[in-house]
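Down below is the structure, laid out as structure tokens.
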Amino acid sequence: MASSSLPLFKSLVRGTGAATRNSATKTYDLISASTGKIRAQVEMASPEAIQAAISAAQEAQPRWYRDYSPMERSKVLLKAAQIMTTQAEALAHLETADTGRPIQETRAEGPGAADCLEWFAGLTKCMGGGQHMELAGGNFGYTRREPLGVTVGIGAWNYPLQSAVWKSAPALAFGNAMVFKPSELTPQTALRLADIYEEAGIPEGVFSVVLGDGPTVGTSLVQDPRVSKVSFTGSVPTGRKIYTQAAHDFKKVTLELGGKSPLIIFDDTNLDVAVTAAMVANWYSSGQVCSNGTRVFIHKSMHDAFVERLLERTQQLIIGDPMNDTTDIGPVVSEAHLQKVQDYIRIGVAEDQAQLVYGGQRIQAQGQQPLNPQGFYMQPAIFTDCTDSMRIVQEEIFGMVMSILPFTSEEEVLQRANDTTFGLSAGVFTKDLQRAHRMVAQLQAGTTWINTYNLAPVELPWGGWKHSGMGSENGVAGMESWTRMKSVYVEMNDIQSPFSC
Ligand code: NAD
């Protein structure tokens with residue numbers, strides 16, 4: 001039973017109609033990934049609160065766009081970046097409490113979010129139409145780049161702060177307002193972000209956070225006719241639903257969805273570099289990274305040495321309390337997700353000739369070190385002798401399940417790497433630069449890496465191909481995603497009548 005002393009998280013709606021935000025609604029429990037115990041409660045946004053958030057955004061947006069020049073919006077976002085930096089440690093603690101990701105990982109989230117705010121603070125100053133055309137008869141035309149209006153952001157649970165900032169920083173930079181719904185599992189950093197924006201000087205109503213589940217709260221946001229854009233990060237099935245619902249009002253949609261990415265390691269790669277790449281691409285964040293390279297294509301000639309070294313190093317990882325500075329791998333986010341990953345490991349064991357050569361078990365201790373028995377801890381799982389058609393090779397598991405797939409030639413591995421419905425990312429390791437560039441030019445993925453993996457600096461656009469999504473976030477492309485163009489024709493003479501009278 002939850003005790004009344006537990007923290008209670010509520011939606012943050014300021015501005016028009018905000019008084020309605022506390023109307024009675026359901027609450028649900030948040031469970032700690034490291035102890036399995038109830039750690040807080042969340043009040044679901046009521047229908048009135050959702051309406052209030054959208055009304056507040058609708059009222060605030062025109063003023064945010066017209067009364068604040070790009071230079072002024074830029075200064076506010078820079079201030080938010082500054083506050084974000086000073087709060088990085090506190091944000092890391094909130095993120096670890098919500099996700100179970102190790103604190104040594106989540107310490108990167110605040111600085112990463114600050115980078116994103118700074119990037120868009122710079123880019124908003126370049127917000128212009130970019131075209132001035134001389135037209136017939138001494139007339140001329142120009143284009144204006146304008147905000148979309150009221151936008152909605154919906155985030156996933158694995159990188160909650162990143163989801164919230166990658167959506168809201170560009171939305172706000174280009175003069176939009178946003179109502180953001182974090183995942184029901186991870187509300188805390190989005191709420192803190194709303195406070196940071198307020199402290200930085202963003203007017204009330206421009207950014208609100210509503211809490212709750214997808215089917216009720218998320219759907220209401222997506223279906224509201226006042227919303228002009230939905231930016232979503234999450235699974236393919238939810239992305240498909242959102243795309244369909246948003247089509248009714250022809251809303252703009254950005255979808256950042258799942259993946260099953262190839263990591264391709266050629267035989268000119270140093271063995272330890274190859275193993276580091278596979279570990280980074282599979283074990284970071286307990287494997288809960290959309291772009292993970294879970295299909296590890298390793299050149300046949302180095303397969304055995306690679307597997308041996310990978311096992312040796314994976315065994316040395318410290319699995320433990322995510323709040324400990326030395327922990328490499330924390331628990332997975334929830335019991336339900338742990339069960340999903342465990343189910344896939346059972347499927348892998350039963351499938352074809354695949355060999356589970358390491359791990360995969362739920363654990364209550366690592367060596368002599370006990371772990372909280374109610375926590376959602378598991379060992380990474382390594383499968384060898386995989387074939388391309390296996391379910392563990394084709395389907396997104398979103399956990400620490402690595403499939404090792406030997407290959408012999410460049411043409412063969414390229415065809416096999418692209419043989420998937422996903423197209424989020426891909427990595428190539430080789431010292432042969434020509435081969436590397438040849439490969440990335442043919443890989444069907446929105447982001448590719450040469451001799452590294454899983455880096456996503458804000459300077460480059462991020463977005464999936466095929467079933468991994470549509471549109472992109474970040475980069476200069478971020479301006480395109482959050483604005484629309486208007487053409488202006490200027491007549492320099494009296495208008496001529498085409499009629500007879
Ligand atoms: P999910 O699809 O279950 O939920 C994502 C969000 O959508 C949550 O906030 C949820 O409440 C909301 N939602 C659910 N149903 C909805 C509906 N009908 N209408 C509106 N909103 C709804 O995904 P998840 O389990 O939270 O996240 C894991 C998935 O996210 C994985 O597939 C992962 O690959 C993907 N992901 C992708 C990226 C990327 O950048 N491409 C980044 C992180 C995570």
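Quick note on naming: the chains in the structure tokens go A, B, ... in the order shown, residues restart at 1 in each chain, and ligands are numbered from 1 in order of appearance.
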Within 8 Å of ligand 1, counting only C-alpha atoms and all ligand atoms: which residues, as a JSON list (two decimals) with N, CA and C atoms, in the first residue's frame?
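What ended up in part.json:
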[["chain", "number", "residue", "atom", "x", "y", "z"],
["A", 154, "ILE", "N", 5.21, 14.07, -27.08],
["A", 154, "ILE", "CA", 4.94, 12.86, -26.28],
["A", 154, "ILE", "C", 6.24, 12.07, -26.21],
["A", 155, "GLY", "N", 6.68, 11.75, -25.00],
["A", 155, "GLY", "CA", 8.00, 11.14, -24.84],
["A", 155, "GLY", "C", 7.96, 9.69, -24.39],
["A", 156, "ALA", "N", 9.09, 9.02, -24.60],
["A", 156, "ALA", "CA", 9.28, 7.63, -24.14],
["A", 156, "ALA", "C", 10.00, 7.64, -22.80],
["A", 157, "TRP", "N", 10.14, 6.45, -22.17],
["A", 157, "TRP", "CA", 10.67, 6.40, -20.81],
["A", 157, "TRP", "C", 12.18, 6.21, -20.73],
["A", 158, "ASN", "N", 12.84, 5.89, -21.83],
["A", 158, "ASN", "CA", 14.26, 5.54, -21.67],
["A", 158, "ASN", "C", 15.17, 6.77, -21.51],
["A", 159, "TYR", "N", 14.87, 7.84, -22.27],
["A", 159, "TYR", "CA", 15.65, 9.08, -22.16],
["A", 159, "TYR", "C", 14.66, 10.23, -21.98],
["A", 163, "SER", "N", 14.08, 13.44, -24.47],
["A", 163, "SER", "CA", 12.83, 13.51, -25.26],
["A", 163, "SER", "C", 12.17, 14.87, -25.09],
["A", 181, "LYS", "N", 3.70, 15.57, -22.87],
["A", 181, "LYS", "CA", 3.34, 14.44, -21.99],
["A", 181, "LYS", "C", 4.51, 13.48, -21.92],
["A", 182, "PRO", "N", 5.14, 13.39, -20.73],
["A", 182, "PRO", "CA", 6.21, 12.39, -20.60],
["A", 182, "PRO", "C", 5.59, 11.00, -20.49],
["A", 183, "SER", "N", 6.43, 9.98, -20.60],
["A", 183, "SER", "CA", 5.94, 8.62, -20.36],
["A", 183, "SER", "C", 5.36, 8.55, -18.95],
["A", 184, "GLU", "N", 4.34, 7.74, -18.78],
["A", 184, "GLU", "CA", 3.72, 7.58, -17.46],
["A", 184, "GLU", "C", 4.70, 7.06, -16.41],
["A", 212, "GLY", "N", 0.14, 11.37, -17.38],
["A", 212, "GLY", "CA", -0.86, 10.31, -17.51],
["A", 212, "GLY", "C", -0.49, 9.33, -18.60],
["A", 213, "ASP", "N", -1.42, 8.44, -18.86],
["A", 213, "ASP", "CA", -1.15, 7.34, -19.79],
["A", 213, "ASP", "C", -1.34, 7.78, -21.25],
["A", 214, "GLY", "N", -1.03, 6.84, -22.14],
["A", 214, "GLY", "CA", -1.17, 7.15, -23.56],
["A", 214, "GLY", "C", -2.61, 7.10, -24.05],
["A", 215, "PRO", "N", -3.30, 5.98, -23.78],
["A", 215, "PRO", "CA", -4.63, 5.82, -24.37],
["A", 215, "PRO", "C", -5.61, 6.94, -24.00],
["A", 216, "THR", "N", -5.54, 7.49, -22.78],
["A", 216, "THR", "CA", -6.47, 8.58, -22.47],
["A", 216, "THR", "C", -5.82, 9.96, -22.66],
["A", 217, "VAL", "N", -4.77, 10.23, -21.90],
["A", 217, "VAL", "CA", -4.18, 11.58, -21.94],
["A", 217, "VAL", "C", -3.50, 11.83, -23.30],
["A", 218, "GLY", "N", -2.69, 10.87, -23.74],
["A", 218, "GLY", "CA", -1.99, 11.04, -25.01],
["A", 218, "GLY", "C", -2.96, 11.20, -26.17],
["A", 219, "THR", "N", -3.98, 10.33, -26.21],
["A", 219, "THR", "CA", -4.94, 10.39, -27.31],
["A", 219, "THR", "C", -5.68, 11.73, -27.33],
["A", 220, "SER", "N", -6.08, 12.23, -26.14],
["A", 220, "SER", "CA", -6.79, 13.52, -26.12],
["A", 220, "SER", "C", -5.93, 14.62, -26.71],
["A", 221, "LEU", "N", -4.65, 14.59, -26.41],
["A", 221, "LEU", "CA", -3.76, 15.63, -26.96],
["A", 221, "LEU", "C", -3.66, 15.51, -28.47],
["A", 222, "VAL", "N", -3.48, 14.29, -28.92],
["A", 222, "VAL", "CA", -3.28, 14.08, -30.37],
["A", 222, "VAL", "C", -4.54, 14.45, -31.15],
["A", 232, "PHE", "N", 6.39, 12.77, -31.60],
["A", 232, "PHE", "CA", 6.24, 11.58, -30.76],
["A", 232, "PHE", "C", 7.52, 10.76, -30.75],
["A", 233, "THR", "N", 7.91, 10.29, -29.58],
["A", 233, "THR", "CA", 8.98, 9.30, -29.45],
["A", 233, "THR", "C", 8.41, 8.09, -28.73],
["A", 234, "GLY", "N", 8.52, 6.93, -29.34],
["A", 234, "GLY", "CA", 7.99, 5.72, -28.71],
["A", 234, "GLY", "C", 8.01, 4.56, -29.69],
["A", 235, "SER", "N", 7.13, 3.61, -29.45],
["A", 235, "SER", "CA", 7.17, 2.36, -30.22],
["A", 235, "SER", "C", 6.49, 2.51, -31.58],
["A", 236, "VAL", "N", 6.76, 1.56, -32.44],
["A", 236, "VAL", "CA", 6.17, 1.56, -33.78],
["A", 236, "VAL", "C", 4.63, 1.46, -33.72],
["A", 237, "PRO", "N", 4.06, 0.53, -32.92],
["A", 237, "PRO", "CA", 2.59, 0.44, -32.92],
["A", 237, "PRO", "C", 1.93, 1.74, -32.44],
["A", 238, "THR", "N", 2.49, 2.39, -31.42],
["A", 238, "THR", "CA", 1.89, 3.66, -30.97],
["A", 238, "THR", "C", 2.09, 4.74, -32.03],
["A", 239, "GLY", "N", 3.24, 4.74, -32.66],
["A", 239, "GLY", "CA", 3.50, 5.72, -33.72],
["A", 239, "GLY", "C", 2.47, 5.60, -34.84],
["A", 241, "LYS", "N", -0.59, 4.47, -34.58],
["A", 241, "LYS", "CA", -1.89, 4.99, -34.09],
["A", 241, "LYS", "C", -1.90, 6.51, -34.16],
["A", 242, "ILE", "N", -0.82, 7.11, -33.70],
["A", 242, "ILE", "CA", -0.76, 8.58, -33.64],
["A", 242, "ILE", "C", -0.80, 9.17, -35.05],
["A", 255, "LEU", "N", 7.78, 11.36, -36.04],
["A", 255, "LEU", "CA", 7.74, 10.09, -35.31],
["A", 255, "LEU", "C", 9.16, 9.56, -35.13],
["A", 256, "GLU", "N", 9.57, 9.41, -33.89],
["A", 256, "GLU", "CA", 10.88, 8.83, -33.57],
["A", 256, "GLU", "C", 10.60, 7.47, -32.96],
["A", 257, "LEU", "N", 10.78, 6.41, -33.75],
["A", 257, "LEU", "CA", 10.27, 5.09, -33.33],
["A", 257, "LEU", "C", 11.41, 4.09, -33.07],
["A", 258, "GLY", "N", 11.05, 2.83, -33.06],
["A", 258, "GLY", "CA", 11.98, 1.78, -32.64],
["A", 258, "GLY", "C", 13.00, 1.41, -33.71],
["A", 259, "GLY", "N", 13.86, 0.47, -33.35],
["A", 259, "GLY", "CA", 14.89, 0.05, -34.28],
["A", 259, "GLY", "C", 15.39, -1.36, -34.00],
["A", 288, "GLN", "N", 18.34, -0.39, -23.27],
["A", 288, "GLN", "CA", 17.09, 0.32, -23.56],
["A", 288, "GLN", "C", 17.38, 1.60, -24.36],
["A", 289, "VAL", "N", 17.99, 1.40, -25.51],
["A", 289, "VAL", "CA", 18.33, 2.52, -26.40],
["A", 289, "VAL", "C", 17.77, 2.17, -27.78],
["A", 290, "CYS", "N", 16.99, 3.11, -28.35],
["A", 290, "CYS", "CA", 16.31, 2.82, -29.62],
["A", 290, "CYS", "C", 17.28, 2.45, -30.74],
["A", 291, "SER", "N", 18.45, 3.09, -30.73],
["A", 291, "SER", "CA", 19.38, 2.92, -31.85],
["A", 291, "SER", "C", 20.39, 1.80, -31.63],
["A", 396, "GLU", "N", 12.35, -5.75, -32.36],
["A", 396, "GLU", "CA", 12.97, -4.90, -31.34],
["A", 396, "GLU", "C", 12.66, -5.47, -29.95],
["A", 398, "PHE", "N", 14.58, -4.19, -27.10],
["A", 398, "PHE", "CA", 14.80, -3.02, -26.25],
["A", 398, "PHE", "C", 15.35, -3.44, -24.88],
["A", 424, "LEU", "N", 16.54, 2.83, -38.34],
["A", 424, "LEU", "CA", 16.89, 3.94, -37.45],
["A", 424, "LEU", "C", 18.37, 4.30, -37.56],
["A", 462, "TRP", "N", 18.35, 13.92, -36.37],
["A", 462, "TRP", "CA", 18.09, 12.57, -35.85],
["A", 462, "TRP", "C", 16.71, 12.15, -36.31],
["A", 463, "GLY", "N", 16.62, 11.03, -37.00],
["A", 463, "GLY", "CA", 15.30, 10.57, -37.43],
["A", 463, "GLY", "C", 15.42, 9.23, -38.12],
["A", 464, "GLY", "N", 14.37, 8.42, -38.03],
["A", 464, "GLY", "CA", 14.43, 7.07, -38.59],
["A", 464, "GLY", "C", 13.86, 6.98, -39.98],
["A", 468, "SER", "N", 11.05, 3.01, -38.72],
["A", 468, "SER", "CA", 11.64, 3.67, -37.55],
["A", 468, "SER", "C", 11.23, 5.12, -37.41],
["A", 469, "GLY", "N", 10.40, 5.60, -38.31],
["A", 469, "GLY", "CA", 9.86, 6.95, -38.08],
["A", 469, "GLY", "C", 9.78, 7.81, -39.31]]
Backbone-only DSSP, helix (DSSP H, G or I) members of region 85-308 of chain A, as a PyMOL selection string:
chain A and resi 85-86+88-99+103-106+109-126+136-138+160-173+188-200+214-223+236-247+271-287+300-308
Margin query: I'd like the neighbourhood of Lys229 (chain A) as a list in words, where a residue qualifies if any of its atoms comes within 9 Å (using only C-alpha atoms), though same-chain residues fewer than 4 positions away should be ignored.
Written below: Leu148, Gly149, Val150, Thr151, Val152, Gly153, Val222, Ala246, Phe250, Lys251, Lys252, Val253, Thr254 and Trp482 of chain A
Create the file for the chosen residues now, containing C-alpha atoms and written as a PDB file, in the first residue's frame.
ATOM      1  CA  LEU A 148       3.088  26.151 -36.337  1.00  0.00           C
ATOM      2  CA  GLY A 149       1.169  27.287 -33.252  1.00  0.00           C
ATOM      3  CA  VAL A 150       0.134  24.860 -30.523  1.00  0.00           C
ATOM      4  CA  THR A 151       2.215  21.704 -30.591  1.00  0.00           C
ATOM      5  CA  VAL A 152       2.235  18.480 -28.600  1.00  0.00           C
ATOM      6  CA  GLY A 153       5.254  16.442 -27.504  1.00  0.00           C
ATOM      7  CA  VAL A 222      -3.278  14.081 -30.370  1.00  0.00           C
ATOM      8  CA  ALA A 246      -3.280  13.043 -36.536  1.00  0.00           C
ATOM      9  CA  PHE A 250      -3.739  16.931 -41.297  1.00  0.00           C
ATOM     10  CA  LYS A 251      -1.505  17.703 -38.328  1.00  0.00           C
ATOM     11  CA  LYS A 252       2.223  17.723 -38.922  1.00  0.00           C
ATOM     12  CA  VAL A 253       3.801  14.662 -37.340  1.00  0.00           C
ATOM     13  CA  THR A 254       7.331  13.712 -36.353  1.00  0.00           C
ATOM     14  CA  TRP A 482       8.884  23.257 -36.278  1.00  0.00           C
TER      15      TRP A 482
END
Practice task
For Glu335 (chain A), please output as a list in words all residues within 12 Å (counting only C-alpha atoms; exclusion window: fewer than 3 positions along the same chain).
Solution key: Leu30, Ile31, Ser32, Ala33, Ser34, Thr35, Gly36, Lys37, Gly100, Leu185, Pro331, Val332, Leu338, Gln339, Lys340, Val341, Gln342, Arg362, Gln374, Gly375, Phe376, Tyr377 and Met378 of chain A
Problem - Contacts of Arg416 (chain A) at 12 Å (only C-alpha atoms; same-chain gap of 2+ positions) as a ChimeraX atom specification - result: /A:261-264,295-297,387-389,393-394,405-414,418-421,442-444
Using only C-alpha atoms, determine which residues lie at most 12 Å from region 51-56 of chain A, disregarding the query and same-chain residues fewer than 4 positions distant; provide the list as a compact mmCIF listing (two decimals) with N, CA and C atoms, in the first residue's frame.
# COMPACT_ATOMS: atom_id res chain seq x y z
N SER A 11 0.34 17.33 -12.91
CA SER A 11 0.59 18.08 -14.14
C SER A 11 0.94 19.52 -13.79
N LEU A 12 1.68 20.17 -14.70
CA LEU A 12 2.06 21.58 -14.48
C LEU A 12 1.49 22.42 -15.60
N VAL A 13 0.37 23.05 -15.31
CA VAL A 13 -0.30 23.89 -16.31
C VAL A 13 -0.43 25.28 -15.72
N ARG A 14 0.18 26.25 -16.38
CA ARG A 14 0.08 27.63 -15.89
C ARG A 14 -0.55 28.47 -16.98
N GLY A 15 -1.35 29.44 -16.58
CA GLY A 15 -1.98 30.30 -17.59
C GLY A 15 -3.47 30.03 -17.65
N THR A 16 -4.08 30.40 -18.77
CA THR A 16 -5.53 30.34 -18.94
C THR A 16 -6.13 29.03 -18.45
N GLY A 17 -7.14 29.15 -17.60
CA GLY A 17 -7.89 27.96 -17.18
C GLY A 17 -7.10 27.05 -16.26
N ALA A 18 -5.92 27.50 -15.82
CA ALA A 18 -5.07 26.61 -15.04
C ALA A 18 -5.72 26.16 -13.74
N ALA A 19 -6.66 26.96 -13.24
CA ALA A 19 -7.30 26.62 -11.97
C ALA A 19 -8.02 25.28 -12.05
N THR A 20 -8.41 24.88 -13.26
CA THR A 20 -9.15 23.62 -13.39
C THR A 20 -8.24 22.40 -13.32
N ARG A 21 -6.94 22.66 -13.25
CA ARG A 21 -6.04 21.53 -13.43
C ARG A 21 -6.12 20.51 -12.30
N ASN A 22 -6.62 20.91 -11.15
CA ASN A 22 -6.65 19.97 -10.03
C ASN A 22 -7.97 19.22 -9.90
N SER A 23 -8.83 19.31 -10.91
CA SER A 23 -10.10 18.60 -10.79
C SER A 23 -9.84 17.11 -10.59
N ALA A 45 -3.68 13.58 -15.50
CA ALA A 45 -4.33 14.82 -15.92
C ALA A 45 -5.80 14.53 -16.24
N SER A 46 -6.68 15.35 -15.70
CA SER A 46 -8.11 15.20 -15.99
C SER A 46 -8.38 15.75 -17.39
N PRO A 47 -9.53 15.44 -17.97
CA PRO A 47 -9.87 16.03 -19.27
C PRO A 47 -9.85 17.56 -19.20
N ALA A 60 -1.19 31.80 -25.18
CA ALA A 60 0.17 32.32 -24.98
C ALA A 60 0.99 32.36 -26.26
N GLN A 61 0.73 31.44 -27.19
CA GLN A 61 1.63 31.29 -28.35
C GLN A 61 1.77 32.56 -29.22
N PRO A 62 0.65 33.22 -29.57
CA PRO A 62 0.86 34.39 -30.45
C PRO A 62 1.72 35.46 -29.79
N ARG A 63 1.55 35.63 -28.49
CA ARG A 63 2.37 36.66 -27.80
C ARG A 63 3.83 36.23 -27.74
N TRP A 64 4.04 34.95 -27.47
CA TRP A 64 5.42 34.43 -27.41
C TRP A 64 6.12 34.65 -28.75
N GLY A 149 2.23 26.95 -34.21
CA GLY A 149 1.17 27.29 -33.25
C GLY A 149 1.26 26.42 -32.01
N VAL A 150 0.16 25.72 -31.72
CA VAL A 150 0.13 24.86 -30.52
C VAL A 150 0.63 23.47 -30.93
N THR A 151 1.65 23.00 -30.24
CA THR A 151 2.22 21.70 -30.59
C THR A 151 2.15 20.78 -29.37
N VAL A 152 2.25 19.49 -29.66
CA VAL A 152 2.24 18.48 -28.60
C VAL A 152 3.50 17.64 -28.71
N ALA A 177 4.07 27.08 -29.00
CA ALA A 177 3.84 26.66 -27.62
C ALA A 177 3.75 25.14 -27.62
N MET A 178 4.03 24.52 -26.48
CA MET A 178 3.99 23.05 -26.42
C MET A 178 3.33 22.54 -25.16
N VAL A 179 2.50 21.53 -25.35
CA VAL A 179 2.01 20.73 -24.22
C VAL A 179 2.76 19.40 -24.32
N PHE A 180 3.48 19.07 -23.27
CA PHE A 180 4.31 17.86 -23.31
C PHE A 180 3.76 16.80 -22.36
N LYS A 181 3.70 15.57 -22.87
CA LYS A 181 3.34 14.44 -21.99
C LYS A 181 4.51 13.48 -21.92
N PRO A 203 7.07 32.75 -20.84
CA PRO A 203 5.77 33.14 -20.29
C PRO A 203 4.88 31.94 -20.00
N GLU A 204 3.99 32.10 -19.02
CA GLU A 204 3.13 30.99 -18.64
C GLU A 204 2.21 30.60 -19.80
N GLY A 205 1.96 29.32 -19.88
CA GLY A 205 1.12 28.80 -20.97
C GLY A 205 1.93 28.32 -22.16
N VAL A 206 3.15 28.84 -22.33
CA VAL A 206 3.94 28.47 -23.51
C VAL A 206 4.41 27.01 -23.42
N PHE A 207 4.67 26.55 -22.19
CA PHE A 207 5.08 25.15 -22.02
C PHE A 207 4.35 24.57 -20.82
N SER A 208 3.57 23.52 -21.04
CA SER A 208 2.89 22.83 -19.94
C SER A 208 3.23 21.35 -20.00
N VAL A 209 3.15 20.72 -18.84
CA VAL A 209 3.37 19.28 -18.77
C VAL A 209 2.09 18.63 -18.26
N VAL A 210 1.57 17.68 -19.00
CA VAL A 210 0.43 16.92 -18.50
C VAL A 210 0.87 15.47 -18.29
N LEU A 211 0.42 14.93 -17.17
CA LEU A 211 0.86 13.58 -16.80
C LEU A 211 -0.26 12.58 -17.02
N VAL A 217 -4.77 10.23 -21.90
CA VAL A 217 -4.18 11.58 -21.94
C VAL A 217 -3.50 11.83 -23.30
N SER A 220 -6.08 12.23 -26.14
CA SER A 220 -6.79 13.52 -26.12
C SER A 220 -5.93 14.62 -26.71
N LEU A 221 -4.65 14.59 -26.41
CA LEU A 221 -3.76 15.63 -26.96
C LEU A 221 -3.66 15.51 -28.47
N VAL A 222 -3.48 14.29 -28.92
CA VAL A 222 -3.28 14.08 -30.37
C VAL A 222 -4.54 14.45 -31.15
N GLN A 223 -5.71 14.21 -30.54
CA GLN A 223 -6.96 14.44 -31.28
C GLN A 223 -7.47 15.88 -31.19
N ASP A 224 -6.88 16.70 -30.34
CA ASP A 224 -7.42 18.05 -30.19
C ASP A 224 -7.22 18.85 -31.48
N PRO A 225 -8.30 19.40 -32.03
CA PRO A 225 -8.17 20.09 -33.33
C PRO A 225 -7.34 21.37 -33.25
N ARG A 226 -7.10 21.89 -32.05
CA ARG A 226 -6.30 23.12 -31.94
C ARG A 226 -4.80 22.86 -32.08
N VAL A 227 -4.44 21.59 -32.02
CA VAL A 227 -3.02 21.21 -32.09
C VAL A 227 -2.59 21.09 -33.55
N SER A 228 -1.47 21.73 -33.90
CA SER A 228 -1.06 21.67 -35.31
C SER A 228 0.08 20.70 -35.57
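Comparing the minimum interatomic distances between Ala281 (chain A) and each of A:Met127, A:Ala426, A:Ala247, A:Ala169, counting only C-alpha atoms, we find that A:Ala426 sits nearest.
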Discussion item. I'd like the contact shell of Leu310 (chain A) - 12 Å cut-off, only C-alpha atoms, skipping same-chain residues fewer than 4 positions apart - returned as an NGL selection string.
Written reply: :A and (271-280 or 282-283 or 296 or 302-306 or 314-317 or 357-358 or 380-384 or 402 or 404)
Same residues, N, CA and C atoms, saved as a CSV table (one decimal), in the first residue's frame:
chain,number,residue,atom,x,y,z
A,271,LEU,N,40.7,-5.9,-32.1
A,271,LEU,CA,39.7,-6.8,-31.3
A,271,LEU,C,39.1,-6.1,-30.2
A,272,ASP,N,39.9,-5.3,-29.4
A,272,ASP,CA,39.3,-4.7,-28.2
A,272,ASP,C,38.3,-3.5,-28.7
A,273,VAL,N,38.7,-2.9,-29.8
A,273,VAL,CA,37.8,-1.8,-30.3
A,273,VAL,C,36.5,-2.5,-30.7
A,274,ALA,N,36.5,-3.6,-31.3
A,274,ALA,CA,35.3,-4.3,-31.8
A,274,ALA,C,34.4,-4.7,-30.6
A,275,VAL,N,35.1,-5.2,-29.5
A,275,VAL,CA,34.3,-5.6,-28.3
A,275,VAL,C,33.7,-4.4,-27.6
A,276,THR,N,34.5,-3.3,-27.5
A,276,THR,CA,34.0,-2.1,-26.9
A,276,THR,C,32.8,-1.6,-27.7
A,277,ALA,N,32.9,-1.6,-29.0
A,277,ALA,CA,31.8,-1.2,-29.9
A,277,ALA,C,30.5,-2.0,-29.6
A,278,ALA,N,30.6,-3.3,-29.5
A,278,ALA,CA,29.5,-4.1,-29.3
A,278,ALA,C,28.9,-3.9,-27.9
A,279,MET,N,29.7,-3.7,-26.9
A,279,MET,CA,29.2,-3.4,-25.6
A,279,MET,C,28.5,-2.1,-25.5
A,280,VAL,N,29.1,-1.1,-26.1
A,280,VAL,CA,28.5,0.3,-26.1
A,280,VAL,C,27.1,0.2,-26.8
A,282,ASN,N,25.1,-2.3,-27.1
A,282,ASN,CA,24.2,-3.2,-26.5
A,282,ASN,C,23.9,-3.1,-25.0
A,283,TRP,N,24.9,-2.8,-24.2
A,283,TRP,CA,24.7,-2.8,-22.8
A,283,TRP,C,24.4,-1.5,-22.2
A,296,VAL,N,24.7,-7.8,-34.3
A,296,VAL,CA,26.2,-7.6,-34.4
A,296,VAL,C,26.7,-8.5,-35.6
A,302,MET,N,37.2,-13.2,-37.5
A,302,MET,CA,37.5,-12.7,-36.1
A,302,MET,C,36.4,-13.2,-35.1
A,303,HIS,N,35.4,-14.0,-35.6
A,303,HIS,CA,34.3,-14.3,-34.8
A,303,HIS,C,34.7,-14.9,-33.4
A,304,ASP,N,35.5,-16.0,-33.4
A,304,ASP,CA,35.7,-16.7,-32.2
A,304,ASP,C,36.5,-15.9,-31.2
A,305,ALA,N,37.5,-15.2,-31.6
A,305,ALA,CA,38.3,-14.3,-30.7
A,305,ALA,C,37.4,-13.2,-30.2
A,306,PHE,N,36.5,-12.7,-31.0
A,306,PHE,CA,35.6,-11.6,-30.6
A,306,PHE,C,34.6,-12.2,-29.5
A,314,THR,N,32.3,-8.7,-20.6
A,314,THR,CA,30.9,-8.6,-20.2
A,314,THR,C,30.8,-9.1,-18.7
A,315,GLN,N,31.5,-10.2,-18.4
A,315,GLN,CA,31.5,-10.7,-17.1
A,315,GLN,C,32.0,-9.7,-16.0
A,316,GLN,N,32.8,-8.8,-16.5
A,316,GLN,CA,33.4,-7.9,-15.5
A,316,GLN,C,32.5,-6.7,-15.2
A,317,LEU,N,31.4,-6.5,-15.9
A,317,LEU,CA,30.6,-5.4,-15.7
A,317,LEU,C,30.0,-5.4,-14.3
A,357,VAL,N,25.1,-18.1,-25.1
A,357,VAL,CA,26.5,-18.4,-24.6
A,357,VAL,C,26.8,-17.6,-23.3
A,358,TYR,N,25.9,-16.6,-23.0
A,358,TYR,CA,26.1,-15.9,-21.8
A,358,TYR,C,24.9,-15.2,-21.3
A,380,PRO,N,23.2,-9.3,-19.0
A,380,PRO,CA,23.2,-9.2,-20.4
A,380,PRO,C,23.1,-10.6,-21.1
A,381,ALA,N,22.5,-10.7,-22.2
A,381,ALA,CA,22.4,-12.0,-22.9
A,381,ALA,C,23.1,-11.9,-24.2
A,382,ILE,N,24.0,-13.0,-24.5
A,382,ILE,CA,24.7,-13.0,-25.8
A,382,ILE,C,24.3,-14.3,-26.5
A,383,PHE,N,23.8,-14.1,-27.7
A,383,PHE,CA,23.4,-15.3,-28.5
A,383,PHE,C,24.4,-15.4,-29.7
A,384,THR,N,25.0,-16.6,-29.9
A,384,THR,CA,25.8,-16.8,-31.1
A,384,THR,C,25.0,-17.7,-32.1
A,402,MET,N,21.9,-9.5,-27.3
A,402,MET,CA,22.8,-9.3,-28.5
A,402,MET,C,22.8,-10.6,-29.3
A,404,ILE,N,24.7,-12.4,-32.4
A,404,ILE,CA,26.0,-12.3,-33.2
A,404,ILE,C,25.8,-13.1,-34.5
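Take CA of Arg144 (chain A) and CA of Thr483 (chain A): the distance between them is 9.8 Å.
Between CA of Tyr142 (chain A) and CA of Tyr489 (chain A) the separation is 6.8 Å.
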